[in-house]
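Text of start-v4.tsv, listed as TSV, C-alpha atoms:
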```tsv
chain	number	residue	atom	x	y	z
L	1	MET	CA	136.71	146.20	75.18
L	2	ASN	CA	136.57	149.54	76.93
L	3	ARG	CA	135.57	149.96	80.54
L	4	SER	CA	132.05	151.37	79.80
L	5	LEU	CA	131.19	148.44	77.55
L	6	LYS	CA	132.43	145.97	80.20
L	7	VAL	CA	130.20	147.60	82.83
L	8	VAL	CA	127.16	147.44	80.49
L	9	VAL	CA	127.83	143.77	79.69
L	10	LEU	CA	128.29	142.95	83.38
L	11	LEU	CA	125.09	144.78	84.41
L	12	THR	CA	123.14	143.07	81.61
L	13	ALA	CA	124.43	139.67	82.73
L	14	ILE	CA	123.46	140.41	86.34
L	15	ALA	CA	119.99	141.55	85.22
L	16	LEU	CA	119.46	138.37	83.17
L	17	VAL	CA	120.61	136.13	86.00
L	18	THR	CA	118.29	137.96	88.40
L	19	VAL	CA	115.31	137.60	86.05
L	20	PHE	CA	115.90	133.88	85.47
L	21	THR	CA	116.58	132.98	89.09
L	22	ASN	CA	113.58	134.92	90.42
L	23	SER	CA	111.03	133.45	88.03
L	24	SER	CA	110.13	129.81	88.13
L	25	PRO	CA	107.13	127.84	86.89
L	26	GLY	CA	104.20	128.13	89.24
L	27	GLN	CA	105.55	131.18	91.01
L	28	ASN	CA	104.55	133.99	88.69
L	29	GLU	CA	102.03	136.38	90.22
L	30	GLY	CA	98.73	136.37	88.36
L	31	GLY	CA	99.98	134.09	85.59
L	32	ASP	CA	98.38	130.91	84.31
L	33	ASN	CA	100.21	128.74	86.86
L	34	SER	CA	98.99	130.74	89.85
L	35	LYS	CA	95.44	130.63	88.44
L	36	ALA	CA	95.72	126.87	88.09
L	37	GLU	CA	96.98	126.60	91.67
L	38	ARG	CA	94.07	128.74	92.91
L	39	LYS	CA	91.62	126.43	91.09
L	40	ARG	CA	93.20	123.39	92.74
L	41	ILE	CA	92.96	125.03	96.17
L	42	GLU	CA	89.30	125.97	95.68
L	43	LYS	CA	88.46	122.50	94.35
L	44	GLY	CA	90.19	121.04	97.42
L	45	PHE	CA	87.79	122.98	99.66
L	46	GLN	CA	84.81	121.79	97.61
L	47	ILE	CA	85.72	118.10	97.80
L	48	ALA	CA	86.87	117.88	101.42
L	49	PRO	CA	84.50	115.30	102.93
L	50	VAL	CA	84.89	116.57	106.52
L	51	SER	CA	84.86	119.90	108.32
L	52	LEU	CA	88.23	121.62	108.28
L	53	HIS	CA	89.88	123.51	111.14
L	54	PHE	CA	91.90	126.51	109.97
L	55	ARG	CA	93.17	127.93	113.26
L	56	ASN	CA	96.91	128.66	112.92
L	57	ARG	CA	96.98	126.98	109.50
L	58	ASP	CA	97.70	128.32	106.04
L	59	ARG	CA	94.29	128.11	104.28
L	60	ASP	CA	95.87	127.71	100.85
L	61	LEU	CA	98.01	124.78	102.01
L	62	VAL	CA	94.92	123.15	103.54
L	63	GLY	CA	92.97	123.53	100.29
L	64	LEU	CA	95.85	122.31	98.14
L	65	GLY	CA	96.42	119.38	100.51
L	66	SER	CA	92.75	118.44	100.24
L	67	TYR	CA	93.00	118.51	96.45
L	68	ILE	CA	96.05	116.25	96.45
L	69	VAL	CA	94.65	113.84	99.07
L	70	ASN	CA	91.13	113.63	97.64
L	71	ALA	CA	91.56	114.16	93.89
L	72	GLN	CA	95.03	112.90	93.05
L	73	ALA	CA	96.58	110.55	95.60
L	74	ALA	CA	93.41	108.58	96.47
L	75	CYS	CA	94.48	108.40	100.13
L	76	GLY	CA	90.92	107.59	101.20
L	77	ASP	CA	90.91	104.34	99.24
L	78	CYS	CA	93.50	102.84	101.58
L	79	HIS	CA	93.02	104.87	104.74
L	80	THR	CA	89.20	105.04	105.03
L	81	CYS	CA	87.33	101.92	106.08
L	82	PRO	CA	84.93	101.58	104.35
L	83	THR	CA	85.82	104.18	101.71
L	84	TYR	CA	82.26	105.19	100.85
L	85	ALA	CA	79.31	106.10	103.03
L	86	PRO	CA	76.70	103.32	103.23
L	87	GLY	CA	74.76	103.12	99.96
L	88	HIS	CA	77.14	105.50	98.14
L	89	ASN	CA	79.73	103.12	96.64
L	90	PRO	CA	80.03	104.25	92.99
L	91	PHE	CA	80.99	100.72	91.94
L	92	GLN	CA	77.53	99.68	93.07
L	93	GLY	CA	75.64	102.61	91.51
L	94	GLY	CA	76.12	105.13	94.32
L	95	ASP	CA	77.23	108.74	94.03
L	96	GLY	CA	80.66	108.24	95.64
L	97	ALA	CA	80.04	110.13	98.88
L	98	ILE	CA	83.02	109.48	101.14
L	99	ASN	CA	82.60	107.87	104.56
L	100	ALA	CA	83.18	110.99	106.66
L	101	THR	CA	82.77	109.12	109.97
L	102	ASN	CA	85.92	107.01	109.47
L	103	TYR	CA	87.70	109.32	107.02
L	104	LEU	CA	91.43	108.53	106.86
L	105	ALA	CA	91.27	106.56	110.12
L	106	GLY	CA	92.87	103.46	108.60
L	107	GLY	CA	91.87	99.90	109.30
L	108	VAL	CA	91.77	98.67	105.70
L	109	PRO	CA	93.29	95.17	105.50
L	110	PHE	CA	95.81	94.35	102.78
L	111	GLY	CA	96.56	90.74	103.67
L	112	PRO	CA	98.44	90.86	106.96
L	113	ILE	CA	98.97	94.64	106.70
L	114	ILE	CA	96.38	97.08	108.03
L	115	SER	CA	96.40	100.68	106.84
L	116	ALA	CA	97.34	103.31	109.42
L	117	ASN	CA	95.14	105.95	110.98
L	118	ILE	CA	96.53	109.19	109.53
L	119	THR	CA	94.10	111.54	111.29
L	120	PRO	CA	95.49	113.91	113.93
L	121	ASP	CA	96.26	112.48	117.35
L	122	ALA	CA	95.50	114.32	120.61
L	123	SER	CA	98.45	116.66	119.97
L	124	GLY	CA	97.16	117.48	116.46
L	125	LYS	CA	99.84	115.53	114.58
L	126	PRO	CA	98.72	113.29	111.70
L	127	ALA	CA	99.42	109.68	112.71
L	128	GLY	CA	101.33	111.21	115.65
L	129	LEU	CA	104.10	112.42	113.32
L	130	ASP	CA	105.63	115.87	113.21
L	131	PHE	CA	106.36	117.27	109.75
L	132	ASP	CA	109.99	116.11	109.66
L	133	GLU	CA	108.96	112.55	110.57
L	134	TYR	CA	106.16	112.64	107.99
L	135	LEU	CA	108.53	113.92	105.30
L	136	GLU	CA	111.02	111.15	106.14
L	137	LEU	CA	108.25	108.55	105.93
L	138	ILE	CA	107.08	109.81	102.52
L	139	ARG	CA	110.64	110.09	101.16
L	140	THR	CA	112.01	106.76	102.47
L	141	GLY	CA	109.11	104.53	103.54
L	142	HIS	CA	110.56	104.29	107.04
L	143	ASP	CA	107.92	104.66	109.74
L	144	PRO	CA	109.51	106.13	112.90
L	145	ASP	CA	107.18	103.90	114.97
L	146	GLU	CA	108.66	100.77	113.37
L	147	PRO	CA	112.44	101.23	113.10
L	148	GLY	CA	114.08	99.02	110.52
L	149	GLU	CA	110.81	98.31	108.71
L	150	ILE	CA	109.87	99.72	105.32
L	151	LEU	CA	106.22	100.32	104.49
L	152	GLN	CA	105.13	97.60	102.08
L	153	VAL	CA	101.72	98.75	100.80
L	154	MET	CA	102.03	102.54	101.03
L	155	PRO	CA	103.03	103.91	97.61
L	156	TRP	CA	105.87	105.98	99.07
L	157	PRO	CA	108.19	105.10	96.14
L	158	ILE	CA	105.84	107.18	93.95
L	159	PHE	CA	104.88	109.84	96.51
L	160	ARG	CA	108.53	110.52	97.37
L	161	ASN	CA	108.79	112.28	94.00
L	162	MET	CA	106.41	115.04	95.11
L	163	ASN	CA	107.96	118.39	95.86
L	164	ASP	CA	108.30	119.60	99.45
L	165	HIS	CA	105.53	122.18	98.98
L	166	ASP	CA	102.97	119.52	98.01
L	167	ILE	CA	104.03	117.24	100.87
L	168	LEU	CA	103.70	120.17	103.28
L	169	ALA	CA	100.23	120.86	101.83
L	170	ILE	CA	99.19	117.25	102.47
L	171	TYR	CA	100.56	117.37	106.01
L	172	THR	CA	98.85	120.71	106.71
L	173	TYR	CA	95.55	119.33	105.40
L	174	LEU	CA	95.90	116.26	107.62
L	175	THR	CA	96.34	118.54	110.65
L	176	ALA	CA	93.12	120.36	109.69
L	177	ILE	CA	90.81	117.32	109.62
L	178	PRO	CA	89.08	115.84	112.66
L	179	HIS	CA	90.40	112.78	114.45
L	180	ALA	CA	88.50	109.62	113.52
L	181	GLU	CA	88.52	105.99	114.51
L	182	PRO	CA	88.72	103.07	112.05
L	183	GLY	CA	85.55	101.50	110.76
L	184	THR	CA	84.99	97.85	109.93
L	185	CYS	CA	85.72	96.45	106.49
L	186	SER	CA	86.78	93.17	105.02
L	187	GLY	CA	89.18	94.20	102.28
L	188	ALA	CA	90.58	96.96	100.11
L	189	GLY	CA	88.12	99.05	98.15
L	190	GLN	CA	85.23	98.57	100.58
```
Would you write the structure of this file as structure tokens?
Amino acid sequence: MNRSLKVVVLLTAIALVTVFTNSSPGQNEGGDNSKAERKRIEKGFQIAPVSLHFRNRDRDLVGLGSYIVNAQAACGDCHTCPTYAPGHNPFQGGDGAINATNYLAGGVPFGPIISANITPDASGKPAGLDFDEYLELIRTGHDPDEPGEILQVMPWPIFRNMNDHDILAIYTYLTAIPHAEPGTCSGAGQ
């Protein structure tokens, strides 16, 4: 193989590697995946049951986090007590309006375990956790407030499979919601 042909082959290989390493599903500008992501973000804004605070936050992450929390992960079922506003329980003929007063404030009993308040604390951190602590909790089930214990009801073994971007979106959304206090309920699904 002559030198010119080697250079052409090498440059072609470099170009192909560059194309394949710089394009990944969900990252193409204006493609179907980015349109789908935009729809999820906008739907997240539509279904957020509380006012959102955007100051110093990435709006798209907040919207995506709302979509994941409210449309996919069903976080409110375990962390909002009661889940639905009075008279709105869809299992009793209501329209499913979420209990915004106690939204994600925990207090749902699961036997001896009570769900945690995951709203922002006074410093703005969901459940008082910074992102690294939250990521560790989602990935391992270890709550930094209870060393040596593994969360027993939280579906972290499933959620740990989410990508870092989605977990960051959830965390960012949780920083954008108002603090709330637990309500009163007698069991899961109230």
Just want the 10 Å neighbourhood of region 103-117 of chain L, counted on all atoms listed in the file, with same-chain residues fewer than 2 positions away dropped. Output as an MDAnalysis selection string. chainID L and resid 49:50 69 75:85 98:101 119:121 126:128 151:154 174 177:190
Would you mind listing what lies within 12 Å of Lys39 (chain L) as a list in words, with all atoms listed in the file counted and same-chain residues fewer than 5 positions away left out?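 Listing them by chain and then by number gives Asp32, Asn33, Ser34, Gly44, Phe45, Gln46, Asp60, Gly63, Leu64 and Tyr67 of chain L.
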Work out how far CA of Gly65 (chain L) is from CA of Ser123 (chain L), in Å to one decimal.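 Computed distance, CA of Ser123 (chain L) to CA of Gly65 (chain L), equals 19.8 Å.
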The residue from L:Gly96, L:Gly124, L:Pro155, L:Gly141 with the smallest atom-to-atom distance to Asn70 (chain L), counting all atoms listed in the file, is L:Gly96
Quick one, how far is CA of Ile47 (chain L) from CA of Leu137 (chain L)? 25.8 Å
Expected answer as a list of chain:residue names: all residues with atoms within 10 Å of (107.2, 108.1, 96.6), all atoms listed in the file: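 Output of the proximity query reads L:Leu137, L:Ile138, L:Arg139, L:Thr140, L:Gly141, L:Met154, L:Pro155, L:Trp156, L:Pro157, L:Ile158, L:Phe159, L:Arg160, L:Asn161, L:Met162.
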Of the residues L:Asp95, L:Gln72, L:Gly87, L:Lys125, which is the one nearest to Lys43 (chain L), using only C-alpha atoms? L:Gln72
Show me, as a PDB file with C-alpha atoms, in the coordinates of the input, the residues that have an atom within 7 Å of Phe54 (chain L) when counting only C-alpha atoms, minus same-chain residues fewer than 3 positions from it.
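Generated output (result18.pdb):
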```pdb
ATOM      1  CA  ARG L  57      96.980 126.980 109.500  1.00  0.00           C
ATOM      2  CA  ARG L  59      94.290 128.110 104.280  1.00  0.00           C
ATOM      3  CA  ALA L 176      93.120 120.360 109.690  1.00  0.00           C
TER       4      ALA L 176
END
```
Would you work out the distance separating CA of Pro90 (chain L) from CA of Arg40 (chain L), expressed in Å to one decimal?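 One can read the CA of Pro90 (chain L) to CA of Arg40 (chain L) distance as 23.2 Å.
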